[in-house]
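Here's structure.txt, which has compact mmCIF, C-alpha atoms and all ligand atoms:
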# COMPACT_ATOMS: atom_id res chain seq x y z
CA MET A 1 -13.06 31.28 13.45
CA ALA A 2 -12.70 33.30 10.22
CA ASN A 3 -9.42 31.83 9.02
CA GLU A 4 -10.24 28.20 9.70
CA LEU A 5 -8.97 25.64 7.23
CA ARG A 6 -11.97 24.24 5.35
CA VAL A 7 -11.66 20.47 5.10
CA GLY A 8 -13.26 18.23 2.47
CA ILE A 9 -13.34 14.49 3.12
CA VAL A 10 -13.50 12.21 0.10
CA GLY A 11 -14.64 8.61 0.58
CA ALA A 12 -17.26 8.24 3.27
CA HIS A 13 -16.26 4.99 4.93
CA ARG A 14 -12.67 5.39 6.14
CA GLY A 15 -13.14 9.15 5.73
CA SER A 16 -15.59 9.25 8.65
CA SER A 17 -12.76 8.41 11.05
CA TYR A 18 -11.34 11.90 10.37
CA MET A 19 -14.39 13.66 11.78
CA ALA A 20 -13.35 13.34 15.43
CA PRO A 21 -9.80 14.75 15.07
CA PHE A 22 -10.83 17.60 12.74
CA SER A 23 -13.76 18.51 15.00
CA ALA A 24 -11.39 18.70 17.99
CA ILE A 25 -8.86 20.95 16.24
CA ALA A 26 -9.83 24.59 16.62
CA GLU A 27 -8.19 25.74 13.37
CA THR A 28 -10.11 23.33 11.12
CA GLU A 29 -13.68 22.64 10.13
CA VAL A 30 -15.02 19.84 7.97
CA THR A 31 -17.21 21.74 5.54
CA ALA A 32 -17.65 19.14 2.79
CA PHE A 33 -18.01 15.44 2.17
CA CYS A 34 -17.59 13.84 -1.23
CA ASP A 35 -18.55 10.35 -2.37
CA ILE A 36 -19.74 9.00 -5.69
CA ASN A 37 -22.31 6.91 -3.88
CA GLU A 38 -25.16 9.35 -3.20
CA GLU A 39 -26.84 7.25 -0.57
CA THR A 40 -23.62 6.86 1.42
CA LEU A 41 -22.90 10.56 0.97
CA GLN A 42 -26.29 11.64 2.33
CA SER A 43 -26.13 9.37 5.32
CA VAL A 44 -22.62 10.43 6.34
CA ALA A 45 -23.29 14.15 5.79
CA GLU A 46 -26.44 13.92 7.93
CA ARG A 47 -24.72 11.89 10.62
CA PHE A 48 -21.95 14.46 11.03
CA ASN A 49 -23.97 17.52 10.04
CA VAL A 50 -21.55 18.52 7.27
CA PRO A 51 -23.03 21.41 5.23
CA GLN A 52 -21.72 20.71 1.72
CA GLN A 53 -21.99 17.47 -0.23
CA PHE A 54 -20.40 16.62 -3.55
CA THR A 55 -20.46 13.61 -5.82
CA ASP A 56 -17.88 15.30 -8.08
CA TYR A 57 -14.43 15.55 -6.50
CA GLU A 58 -13.16 18.30 -8.81
CA ALA A 59 -16.21 20.42 -7.97
CA MET A 60 -15.44 20.07 -4.27
CA LEU A 61 -11.88 21.36 -4.65
CA ASP A 62 -13.01 24.98 -5.10
CA ALA A 63 -14.88 24.89 -1.81
CA VAL A 64 -12.10 23.66 0.52
CA ASP A 65 -8.49 24.28 1.60
CA LEU A 66 -7.54 20.73 2.55
CA VAL A 67 -8.69 17.35 1.25
CA VAL A 68 -8.63 13.95 2.92
CA LEU A 69 -8.44 11.20 0.33
CA ALA A 70 -10.04 8.11 1.84
CA THR A 71 -10.79 6.70 -1.58
CA PRO A 72 -9.66 3.48 -3.32
CA GLU A 73 -5.87 3.23 -3.50
CA ASN A 74 -5.72 3.71 -7.27
CA LEU A 75 -7.36 7.15 -6.91
CA HIS A 76 -4.88 8.55 -4.39
CA VAL A 77 -2.37 9.89 -6.91
CA PRO A 78 -4.77 11.36 -9.50
CA GLN A 79 -6.82 12.99 -6.72
CA SER A 80 -3.68 14.23 -4.91
CA ILE A 81 -2.34 15.80 -8.10
CA ALA A 82 -5.64 17.52 -8.86
CA ALA A 83 -5.70 19.00 -5.35
CA LEU A 84 -2.03 20.04 -5.34
CA GLU A 85 -2.44 21.75 -8.72
CA ALA A 86 -5.40 23.65 -7.27
CA GLY A 87 -3.24 24.70 -4.28
CA LYS A 88 -5.12 22.48 -1.80
CA HIS A 89 -3.38 20.55 0.97
CA VAL A 90 -3.64 16.76 0.84
CA ILE A 91 -3.94 14.02 3.42
CA SER A 92 -3.83 10.78 1.44
CA GLU A 93 -4.81 7.47 2.92
CA VAL A 94 -2.42 4.56 2.48
CA THR A 95 -0.81 3.56 0.27
CA ALA A 96 0.46 6.68 -1.49
CA ALA A 97 0.50 5.13 -4.98
CA VAL A 98 -0.17 1.88 -6.83
CA ASN A 99 2.79 1.90 -9.24
CA LEU A 100 6.20 3.48 -9.67
CA GLU A 101 5.16 5.83 -12.47
CA GLU A 102 2.54 7.34 -10.18
CA CYS A 103 5.24 7.94 -7.57
CA TYR A 104 7.21 10.11 -10.01
CA ASP A 105 4.04 12.02 -10.92
CA LEU A 106 3.17 12.59 -7.28
CA VAL A 107 6.62 13.78 -6.21
CA ARG A 108 6.74 16.13 -9.20
CA ALA A 109 3.32 17.57 -8.29
CA VAL A 110 4.28 18.07 -4.62
CA ARG A 111 7.50 19.85 -5.60
CA LYS A 112 5.58 22.19 -7.92
CA SER A 113 2.72 22.95 -5.53
CA SER A 114 2.46 25.64 -2.88
CA ALA A 115 0.30 23.22 -0.87
CA LYS A 116 1.43 20.46 1.48
CA TYR A 117 1.06 16.70 1.21
CA THR A 118 1.10 13.91 3.77
CA MET A 119 0.33 10.21 3.73
CA ALA A 120 -1.74 9.23 6.75
CA GLU A 121 0.23 6.26 8.02
CA ASN A 122 -1.60 5.85 11.29
CA THR A 123 0.43 2.89 12.61
CA CYS A 124 3.31 5.36 13.05
CA TYR A 125 0.98 7.07 15.54
CA SER A 126 -0.13 4.01 17.51
CA LYS A 127 0.73 4.30 21.20
CA ALA A 128 2.99 1.23 21.29
CA ASN A 129 4.88 2.24 18.15
CA VAL A 130 5.34 5.82 19.36
CA LEU A 131 6.63 4.51 22.69
CA ILE A 132 9.15 2.20 21.02
CA ARG A 133 10.29 5.04 18.77
CA ASN A 134 10.92 7.28 21.76
CA MET A 135 12.86 4.51 23.51
CA VAL A 136 14.96 3.97 20.37
CA ASP A 137 15.60 7.72 20.08
CA SER A 138 16.76 7.88 23.69
CA GLY A 139 19.23 5.04 23.03
CA MET A 140 17.58 2.40 25.23
CA PHE A 141 17.86 -0.32 22.54
CA GLY A 142 21.40 0.67 21.49
CA ASP A 143 21.97 0.36 17.75
CA VAL A 144 18.95 -1.23 16.10
CA TYR A 145 19.63 -3.76 13.34
CA PHE A 146 16.60 -6.06 12.96
CA GLY A 147 12.87 -5.43 12.92
CA GLU A 148 9.63 -7.10 11.87
CA GLY A 149 6.24 -5.86 10.76
CA GLU A 150 3.32 -8.15 9.98
CA TYR A 151 -0.14 -7.33 8.70
CA LEU A 152 -2.37 -10.38 8.79
CA HIS A 153 -5.93 -9.45 7.93
CA ASN A 154 -8.28 -11.77 6.09
CA VAL A 155 -10.33 -9.29 4.06
CA LYS A 156 -11.70 -11.72 1.45
CA SER A 157 -15.22 -10.48 2.25
CA LEU A 158 -14.22 -7.02 0.94
CA HIS A 159 -12.99 -8.23 -2.45
CA HIS A 160 -16.53 -8.17 -3.90
CA ASP A 161 -19.41 -5.82 -3.28
CA ALA A 162 -22.93 -6.88 -2.30
CA SER A 163 -23.77 -7.53 -5.97
CA GLY A 164 -20.72 -9.74 -6.45
CA ASN A 165 -18.69 -7.19 -8.44
CA PRO A 166 -14.95 -6.94 -7.74
CA THR A 167 -14.01 -3.96 -5.57
CA TRP A 168 -10.81 -1.88 -5.74
CA ARG A 169 -9.26 -4.21 -3.17
CA TYR A 170 -9.69 -7.11 -5.61
CA TYR A 171 -7.34 -5.37 -8.08
CA TRP A 172 -4.99 -3.28 -5.95
CA GLN A 173 -4.66 -5.21 -2.71
CA VAL A 174 -4.59 -8.82 -3.91
CA GLY A 175 -4.67 -8.59 -7.71
CA ILE A 176 -0.91 -8.11 -8.15
CA ASN A 177 1.71 -10.50 -6.79
CA ARG A 178 3.86 -8.29 -4.58
CA CYS A 179 4.03 -7.05 -1.01
CA ASN A 180 0.87 -4.94 -1.32
CA TYR A 181 -0.38 -2.69 1.47
CA ALA A 182 2.92 -2.84 3.34
CA THR A 183 3.03 0.73 4.69
CA HIS A 184 1.28 -0.14 7.98
CA SER A 185 3.99 -2.69 8.72
CA LEU A 186 7.06 -1.01 7.27
CA GLY A 187 6.38 2.61 8.33
CA PRO A 188 6.88 2.35 12.11
CA VAL A 189 9.86 -0.02 11.84
CA LEU A 190 11.57 2.25 9.35
CA GLN A 191 11.05 5.18 11.71
CA TRP A 192 12.76 3.16 14.47
CA PHE A 193 15.69 2.48 12.14
CA GLY A 194 15.87 6.12 11.06
CA GLY A 195 16.83 5.47 7.44
CA ARG A 196 15.31 4.16 4.25
CA VAL A 197 15.08 0.84 2.46
CA ALA A 198 17.88 0.45 -0.09
CA SER A 199 16.80 -2.91 -1.59
CA VAL A 200 14.16 -5.62 -1.21
CA CYS A 201 13.96 -9.37 -1.73
CA CYS A 202 10.48 -10.85 -1.90
CA LEU A 203 9.07 -14.38 -1.91
CA GLY A 204 5.63 -15.89 -1.40
CA THR A 205 3.97 -19.06 -0.18
CA GLY A 206 2.12 -19.88 -3.38
CA VAL A 207 -1.62 -19.41 -3.87
CA HIS A 208 -3.75 -21.65 -1.64
CA THR A 209 -6.84 -20.03 -0.15
CA ASP A 210 -8.45 -17.95 -2.87
CA PRO A 211 -6.92 -19.04 -6.20
CA GLU A 212 -8.50 -16.30 -8.32
CA HIS A 213 -6.03 -13.74 -6.91
CA ALA A 214 -2.52 -13.19 -8.23
CA MET A 215 -1.10 -12.33 -4.82
CA GLU A 216 0.29 -15.33 -2.96
CA ASP A 217 -1.38 -15.99 0.40
CA THR A 218 1.54 -14.79 2.48
CA VAL A 219 4.13 -12.56 0.88
CA MET A 220 7.38 -11.97 2.74
CA MET A 221 9.58 -8.98 1.93
CA LEU A 222 13.09 -8.63 3.32
CA CYS A 223 14.23 -5.02 3.34
CA LYS A 224 17.91 -4.11 3.55
CA THR A 225 18.21 -0.60 4.93
CA ASP A 226 20.75 1.99 3.85
CA CYS A 227 22.41 1.56 7.28
CA GLY A 228 22.80 -2.20 6.74
CA GLY A 229 19.89 -3.27 8.96
CA LEU A 230 17.27 -5.86 8.04
CA ILE A 231 13.47 -5.54 8.21
CA LYS A 232 11.14 -8.49 7.62
CA ILE A 233 7.66 -7.67 6.39
CA ARG A 234 4.89 -10.27 6.19
CA ILE A 235 1.62 -9.39 4.49
CA ASP A 236 -1.34 -11.76 4.30
CA MET A 237 -4.83 -10.61 3.38
CA LEU A 238 -6.08 -14.01 2.23
CA SER A 239 -5.32 -16.82 4.66
CA ASN A 240 -8.09 -18.21 6.87
CA ARG A 241 -7.06 -16.97 10.29
CA PRO A 242 -7.74 -14.22 12.86
CA ALA A 243 -6.24 -10.80 12.22
CA ASN A 244 -3.04 -9.64 13.84
CA SER A 245 -0.65 -6.77 13.44
CA TYR A 246 2.74 -7.63 14.89
CA PHE A 247 6.00 -5.72 15.32
CA SER A 248 9.40 -6.57 16.76
CA LEU A 249 12.75 -4.88 17.14
CA GLN A 250 16.28 -5.99 18.02
CA GLY A 251 19.09 -3.65 19.01
CA THR A 252 22.51 -4.08 20.60
CA LYS A 253 21.11 -3.26 24.08
CA GLY A 254 17.58 -4.63 24.03
CA CYS A 255 14.63 -5.96 22.11
CA TYR A 256 10.88 -5.63 21.75
CA GLU A 257 8.21 -8.12 20.75
CA GLY A 258 4.62 -7.06 20.15
CA SER A 259 1.62 -9.23 20.91
CA ARG A 260 0.56 -12.20 18.82
CA GLY A 261 -2.90 -12.18 20.42
CA LEU A 262 -4.74 -14.31 22.99
CA GLY A 263 -4.00 -11.77 25.71
CA ALA A 264 -0.22 -11.95 25.35
CA ALA A 265 1.37 -8.69 26.47
CA PRO A 266 3.83 -6.82 24.22
CA LYS A 267 7.21 -7.08 25.95
CA ILE A 268 10.66 -5.55 26.34
CA TRP A 269 14.04 -6.88 27.35
CA LEU A 270 16.93 -4.49 28.04
CA ASP A 271 20.48 -5.48 28.92
CA GLU A 272 20.31 -3.20 31.94
CA PHE A 273 17.89 -5.71 33.58
CA SER A 274 19.34 -8.06 36.18
CA VAL A 275 20.92 -11.22 34.79
CA THR A 276 18.01 -13.37 35.93
CA GLU A 277 15.30 -11.10 34.62
CA GLN A 278 13.63 -11.97 31.33
CA TRP A 279 10.88 -9.82 29.84
CA ARG A 280 8.97 -6.86 31.24
CA PRO A 281 5.58 -5.83 29.81
CA LEU A 282 5.67 -2.80 27.54
CA SER A 283 3.05 -1.17 29.79
CA GLN A 284 5.75 -0.68 32.45
CA PHE A 285 7.57 1.76 30.14
CA GLU A 286 4.77 4.28 29.60
CA ASP A 287 6.79 7.02 31.28
CA CYS A 288 9.01 6.80 28.16
CA LEU A 289 6.14 8.12 26.02
CA PRO A 290 6.63 11.61 24.58
CA GLU A 291 5.46 14.38 26.88
CA ARG A 292 2.44 15.19 24.67
CA TRP A 293 1.18 11.61 25.03
CA GLN A 294 1.48 11.79 28.82
CA ASN A 295 -0.23 15.19 29.01
CA PRO A 296 -2.34 15.57 25.87
CA PRO A 297 -3.77 18.98 25.00
CA ALA A 298 -7.29 19.66 26.26
CA GLU A 299 -8.72 19.70 22.72
CA ALA A 300 -7.69 16.03 22.28
CA GLU A 301 -10.00 14.91 25.07
CA SER A 302 -12.99 14.44 22.78
CA VAL A 303 -11.05 12.27 20.31
CA GLY A 304 -11.15 8.63 21.29
CA ASP A 305 -7.87 7.70 19.62
CA LEU A 306 -4.94 9.98 20.53
CA GLY A 307 -2.85 8.68 17.63
CA GLU A 308 -5.52 9.70 15.11
CA TYR A 309 -5.60 13.13 16.75
CA PHE A 310 -1.80 13.67 16.64
CA LYS A 311 -1.67 12.40 13.03
CA VAL A 312 -4.05 15.14 11.93
CA ARG A 313 -2.74 17.79 14.38
CA ASP A 314 0.83 17.35 13.10
CA PHE A 315 -0.24 17.93 9.52
CA VAL A 316 -2.39 20.95 10.38
CA ASP A 317 0.56 22.40 12.35
CA SER A 318 2.86 21.92 9.36
CA ILE A 319 0.43 24.01 7.31
CA LEU A 320 0.00 26.69 9.97
CA THR A 321 3.75 27.02 10.58
CA ASP A 322 4.81 26.33 6.97
CA THR A 323 7.08 23.47 7.98
CA THR A 324 7.68 20.01 6.52
CA PRO A 325 5.00 17.50 7.58
CA PRO A 326 6.35 14.55 9.62
CA ILE A 327 5.27 12.12 6.88
CA ASP A 328 6.04 14.19 3.80
CA VAL A 329 6.01 12.90 0.24
CA TYR A 330 9.55 11.48 0.50
CA THR A 331 8.72 9.57 3.67
CA ALA A 332 5.52 8.42 1.96
CA MET A 333 7.72 7.07 -0.86
CA ASP A 334 10.07 5.41 1.67
CA PHE A 335 7.06 3.55 3.08
CA THR A 336 5.28 2.80 -0.23
CA VAL A 337 7.93 2.10 -2.88
CA PRO A 338 9.54 -1.03 -1.35
CA GLY A 339 6.20 -2.84 -1.67
CA LEU A 340 5.79 -1.66 -5.27
CA VAL A 341 9.23 -2.77 -6.48
CA SER A 342 8.89 -6.08 -4.61
CA GLU A 343 6.81 -7.13 -7.65
CA GLN A 344 10.04 -7.41 -9.68
CA SER A 345 11.75 -9.38 -6.94
CA ILE A 346 8.98 -11.95 -6.48
CA ALA A 347 8.80 -12.38 -10.27
CA ASN A 348 12.53 -13.09 -10.29
CA GLY A 349 12.76 -15.70 -7.57
CA GLY A 350 13.47 -13.23 -4.75
CA ALA A 351 16.33 -11.39 -6.47
CA PRO A 352 17.32 -8.13 -4.71
CA ILE A 353 15.78 -5.03 -6.29
CA GLU A 354 17.03 -1.53 -5.60
CA VAL A 355 14.56 0.99 -4.15
CA PRO A 356 14.88 4.46 -5.69
CA ASP A 357 15.38 7.44 -3.38
CA PHE A 358 12.98 10.11 -4.61
CA ARG A 359 14.88 12.86 -2.79
CA GLU A 360 17.66 12.44 -5.33
CA ILE A 361 15.55 12.38 -8.47
CA ASP A 362 15.86 15.36 -10.84
CA PHE A 363 12.86 15.95 -13.04
N1 LIG B 401 -5.22 3.70 7.68
C1 LIG B 401 -6.07 2.72 7.92
O1 LIG B 401 -6.05 2.09 8.97
C2 LIG B 401 -7.09 2.39 6.87
C3 LIG B 401 -8.19 1.59 7.18
C4 LIG B 401 -9.12 1.34 6.18
C5 LIG B 401 -8.93 1.87 4.91
N2 LIG B 401 -7.84 2.63 4.66
C6 LIG B 401 -7.63 3.24 3.34
O2 LIG B 401 -8.73 4.12 3.12
C7 LIG B 401 -9.13 4.09 1.75
C8 LIG B 401 -10.60 3.73 1.64
O3 LIG B 401 -10.80 2.45 2.20
P1 LIG B 401 -12.27 1.96 2.60
O4 LIG B 401 -12.11 0.72 3.37
O5 LIG B 401 -13.03 3.09 3.21
O6 LIG B 401 -12.86 1.65 1.15
P2 LIG B 401 -14.37 1.54 0.74
O7 LIG B 401 -14.40 0.85 -0.57
O8 LIG B 401 -15.20 0.99 1.85
O9 LIG B 401 -14.84 3.04 0.57
C9 LIG B 401 -14.37 3.85 -0.48
C10 LIG B 401 -15.37 4.96 -0.69
O10 LIG B 401 -14.87 5.82 -1.71
C11 LIG B 401 -15.94 6.16 -2.57
N3 LIG B 401 -15.40 6.53 -3.88
C12 LIG B 401 -14.93 5.70 -4.85
N4 LIG B 401 -14.52 6.43 -5.90
C13 LIG B 401 -14.71 7.75 -5.59
C14 LIG B 401 -14.48 8.96 -6.27
N5 LIG B 401 -13.96 9.00 -7.49
N6 LIG B 401 -14.79 10.11 -5.64
C15 LIG B 401 -15.35 10.09 -4.40
N7 LIG B 401 -15.61 8.96 -3.72
C16 LIG B 401 -15.28 7.80 -4.30
C17 LIG B 401 -16.80 4.90 -2.60
O11 LIG B 401 -18.13 5.16 -3.02
C18 LIG B 401 -16.74 4.45 -1.15
O12 LIG B 401 -17.76 5.04 -0.36
C19 LIG B 401 -8.18 3.09 1.07
O13 LIG B 401 -7.13 3.78 0.50
C20 LIG B 401 -7.66 2.24 2.20
O14 LIG B 401 -6.37 1.76 1.93
C21 LIG B 401 -6.92 2.90 5.61
Structure rendered as structure tokens:
Amino acid sequence: MANELRVGIVGAHRGSSYMAPFSAIAETEVTAFCDINEETLQSVAERFNVPQQFTDYEAMLDAVDLVVLATPENLHVPQSIAALEAGKHVISEVTAAVNLEECYDLVRAVRKSSAKYTMAENTCYSKANVLIRNMVDSGMFGDVYFGEGEYLHNVKSLHHDASGNPTWRYYWQVGINRCNYATHSLGPVLQWFGGRVASVCCLGTGVHTDPEHAMEDTVMMLCKTDCGGLIKIRIDMLSNRPANSYFSLQGTKGCYEGSRGLGAAPKIWLDEFSVTEQWRPLSQFEDCLPERWQNPPAEAESVGDLGEYFKVRDFVDSILTDTTPPIDVYTAMDFTVPGLVSEQSIANGGAPIEVPDFREIDF
């Protein structure tokens, strides 16, 4: 197709997961891969038969229309700004930024650019979270006022490379004492609530497992939403334990609890159930999924993970139709900034800290 969007993927590891959705979408073609590690670059380009390879990100920008930034978190903002200034659309991996100053720079760059920006918060596209969102939107839970998101993932093995040198995760995921990497947990719950976080209080457990890191083993962030609701976020990337990603929701007419593992089914209770009935498995509510999940487009068939497909499809559609992407820069800030400002709260004994609304900021 002559007017296909040319896609350049930066960062070969996580970046590879974008091959399947982009290959399925007729209006896009991955024409370039970029990685500073030449060996990794060669192997990924050969594996996916991608014609152009770059070790220099800026050099790649000329050759593409859209970039996927699957690079270390601290590169997301500088690389986004470079792309936006060159008029190239951006899909940035999570989190959008590593400090508040970067957030201002990013929002300013998006406002100035003719190109579009999204943050690829894939947990907002997981089947269970999409289903709960649709049930919330159709009023099945009544008014929602409490939610939880937990990301428990012992990634100590990724804090050093094979030669023993600290990786980006060492500095940006566990090197600062705050609720780092919270977008996976906060994003979906915030979408269920339909607002933004107005303030956060943050406390931690102390440092126990891997004392060289500043981040406490478990960090708990309480988010007060602008509608008065409460969201509890627990992040732990250090404790010795199996991984789990857990969500829950409470509304006036029902509640949801995700799985805590060992085969336990995610479950729903609604006040319309009979008085004796307790929980029903979430799987019984699949007819509440959005229509496109029940009857996906033919092109999605080749993509293993439907959520990954819709995440990319939605952004491509926003470019093709010149509309606002579902997770635009302001939503990206709503998901990212609470975790950043939680640093001030945890340093001040859990004191509430206001979360700025970037929609209202005049530059
Ligand atoms: N959404 C998710 O579920 C999910 C999962 C994993 C990772 N991520 C995100 O994806 C990003 C990458 O994570 P990862 O696990 O693949 O990290 P990684 O360290 O395994 O890979 C990063 C890659 O980026 C390359 N790189 C570093 N600097 C570069 C530069 N200046 N230009 C080009 N390439 C460069 C490295 O050589 C490496 O190949 C992170 O932002 C992470 O938060 C998201």
Residues of chain A that approach ligand LIG 401 (chain B) to 6 Å or less, counting only C-alpha atoms and all ligand atoms: could you list each one with the shortest pair of atoms and its distance in Å to one decimal, rows by chain and increasing residue number, as CSV?
residue,atom,partner,partner_atom,distance
A:Val10,CA,B:LIG401,C15,5.3
A:Gly11,CA,B:LIG401,O10,3.6
A:Ala12,CA,B:LIG401,O12,4.9
A:His13,CA,B:LIG401,O5,4.1
A:Arg14,CA,B:LIG401,O5,3.7
A:Cys34,CA,B:LIG401,C15,5.4
A:Asp35,CA,B:LIG401,N7,3.5
A:Ile36,CA,B:LIG401,N7,4.6
A:Asn37,CA,B:LIG401,O11,4.6
A:Tyr57,CA,B:LIG401,N6,5.5
A:Ala70,CA,B:LIG401,C7,4.1
A:Thr71,CA,B:LIG401,O10,4.2
A:Pro72,CA,B:LIG401,O13,4.6
A:Glu73,CA,B:LIG401,O13,4.2
A:Glu93,CA,B:LIG401,O13,5.0
A:Val94,CA,B:LIG401,O14,4.9
A:Asn122,CA,B:LIG401,N1,5.5
Margin query: When you count only C-alpha atoms, which of these residues is closest to Trp168 in chain A: A:Thr209, A:Asn74, A:Gln53, A:Gln250?
Written below: A:Asn74
Item checked: Long-range neighbours of His208 in chain A as a ChimeraX atom specification, 10 Å cut-off, all atoms listed in the file, 2 positions minimum in chain -> /A:205-206,210-213,216-218,238-239
Contacts of Gly8 in chain A at 8 Å (all atoms listed in the file; same-chain gap of 5+ positions) as a PDB file with C-alpha atoms, keeping the file's coordinate frame:
ATOM      1  CA  VAL A  30     -15.020  19.840   7.970  1.00  0.00           C
ATOM      2  CA  THR A  31     -17.210  21.740   5.540  1.00  0.00           C
ATOM      3  CA  ALA A  32     -17.650  19.140   2.790  1.00  0.00           C
ATOM      4  CA  PHE A  33     -18.010  15.440   2.170  1.00  0.00           C
ATOM      5  CA  CYS A  34     -17.590  13.840  -1.230  1.00  0.00           C
ATOM      6  CA  MET A  60     -15.440  20.070  -4.270  1.00  0.00           C
ATOM      7  CA  LEU A  61     -11.880  21.360  -4.650  1.00  0.00           C
ATOM      8  CA  VAL A  64     -12.100  23.660   0.520  1.00  0.00           C
ATOM      9  CA  ASP A  65      -8.490  24.280   1.600  1.00  0.00           C
ATOM     10  CA  LEU A  66      -7.540  20.730   2.550  1.00  0.00           C
ATOM     11  CA  VAL A  67      -8.690  17.350   1.250  1.00  0.00           C
ATOM     12  CA  VAL A  68      -8.630  13.950   2.920  1.00  0.00           C
TER      13      VAL A  68
END
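With distances restricted to all atoms listed in the file, A:Arg6 is the closest residue to Glu27 in chain A from A:Val107, A:Gln294, A:Ala45, A:Arg6.
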Next item on the list: Return the single residue from A:Pro21, A:His76, A:Tyr104, A:Ile91 that is closest to Glu360 in chain A, with distances computed using only C-alpha atoms.
Entry: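 Checking each candidate against Glu360 in chain A, we get A:Tyr104 as the closest.
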Margin query: Rounded to one decimal, what separation in Å do you get between CA of Ile346 in chain A and CA of Cys202 in chain A?
Written below: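 For CA of Ile346 in chain A relative to CA of Cys202 in chain A, the distance reads 4.9 Å.
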Margin query: Env of His89 in chain A: 12 Å cut, atoms = all atoms listed in the file, seq-sep filter 2 positions within chain, self excluded. Answer as an MDAnalysis selection string.
Written below: chainID A and resid 5:9 61 64:69 79:87 91:92 109:110 113:119 315:316 318:320 322 325 328
Would you mind exporting C-alpha atoms of the selected residues as a PDB file, keeping the file's coordinate frame?
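Result file selection-v9.pdb:
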ATOM      1  CA  LEU A   5      -8.970  25.640   7.230  1.00  0.00           C
ATOM      2  CA  ARG A   6     -11.970  24.240   5.350  1.00  0.00           C
ATOM      3  CA  VAL A   7     -11.660  20.470   5.100  1.00  0.00           C
ATOM      4  CA  GLY A   8     -13.260  18.230   2.470  1.00  0.00           C
ATOM      5  CA  ILE A   9     -13.340  14.490   3.120  1.00  0.00           C
ATOM      6  CA  LEU A  61     -11.880  21.360  -4.650  1.00  0.00           C
ATOM      7  CA  VAL A  64     -12.100  23.660   0.520  1.00  0.00           C
ATOM      8  CA  ASP A  65      -8.490  24.280   1.600  1.00  0.00           C
ATOM      9  CA  LEU A  66      -7.540  20.730   2.550  1.00  0.00           C
ATOM     10  CA  VAL A  67      -8.690  17.350   1.250  1.00  0.00           C
ATOM     11  CA  VAL A  68      -8.630  13.950   2.920  1.00  0.00           C
ATOM     12  CA  LEU A  69      -8.440  11.200   0.330  1.00  0.00           C
ATOM     13  CA  GLN A  79      -6.820  12.990  -6.720  1.00  0.00           C
ATOM     14  CA  SER A  80      -3.680  14.230  -4.910  1.00  0.00           C
ATOM     15  CA  ILE A  81      -2.340  15.800  -8.100  1.00  0.00           C
ATOM     16  CA  ALA A  82      -5.640  17.520  -8.860  1.00  0.00           C
ATOM     17  CA  ALA A  83      -5.700  19.000  -5.350  1.00  0.00           C
ATOM     18  CA  LEU A  84      -2.030  20.040  -5.340  1.00  0.00           C
ATOM     19  CA  GLU A  85      -2.440  21.750  -8.720  1.00  0.00           C
ATOM     20  CA  ALA A  86      -5.400  23.650  -7.270  1.00  0.00           C
ATOM     21  CA  GLY A  87      -3.240  24.700  -4.280  1.00  0.00           C
ATOM     22  CA  ILE A  91      -3.940  14.020   3.420  1.00  0.00           C
ATOM     23  CA  SER A  92      -3.830  10.780   1.440  1.00  0.00           C
ATOM     24  CA  ALA A 109       3.320  17.570  -8.290  1.00  0.00           C
ATOM     25  CA  VAL A 110       4.280  18.070  -4.620  1.00  0.00           C
ATOM     26  CA  SER A 113       2.720  22.950  -5.530  1.00  0.00           C
ATOM     27  CA  SER A 114       2.460  25.640  -2.880  1.00  0.00           C
ATOM     28  CA  ALA A 115       0.300  23.220  -0.870  1.00  0.00           C
ATOM     29  CA  LYS A 116       1.430  20.460   1.480  1.00  0.00           C
ATOM     30  CA  TYR A 117       1.060  16.700   1.210  1.00  0.00           C
ATOM     31  CA  THR A 118       1.100  13.910   3.770  1.00  0.00           C
ATOM     32  CA  MET A 119       0.330  10.210   3.730  1.00  0.00           C
ATOM     33  CA  PHE A 315      -0.240  17.930   9.520  1.00  0.00           C
ATOM     34  CA  VAL A 316      -2.390  20.950  10.380  1.00  0.00           C
ATOM     35  CA  SER A 318       2.860  21.920   9.360  1.00  0.00           C
ATOM     36  CA  ILE A 319       0.430  24.010   7.310  1.00  0.00           C
ATOM     37  CA  LEU A 320       0.000  26.690   9.970  1.00  0.00           C
ATOM     38  CA  ASP A 322       4.810  26.330   6.970  1.00  0.00           C
ATOM     39  CA  PRO A 325       5.000  17.500   7.580  1.00  0.00           C
ATOM     40  CA  ASP A 328       6.040  14.190   3.800  1.00  0.00           C
TER      41      ASP A 328
END
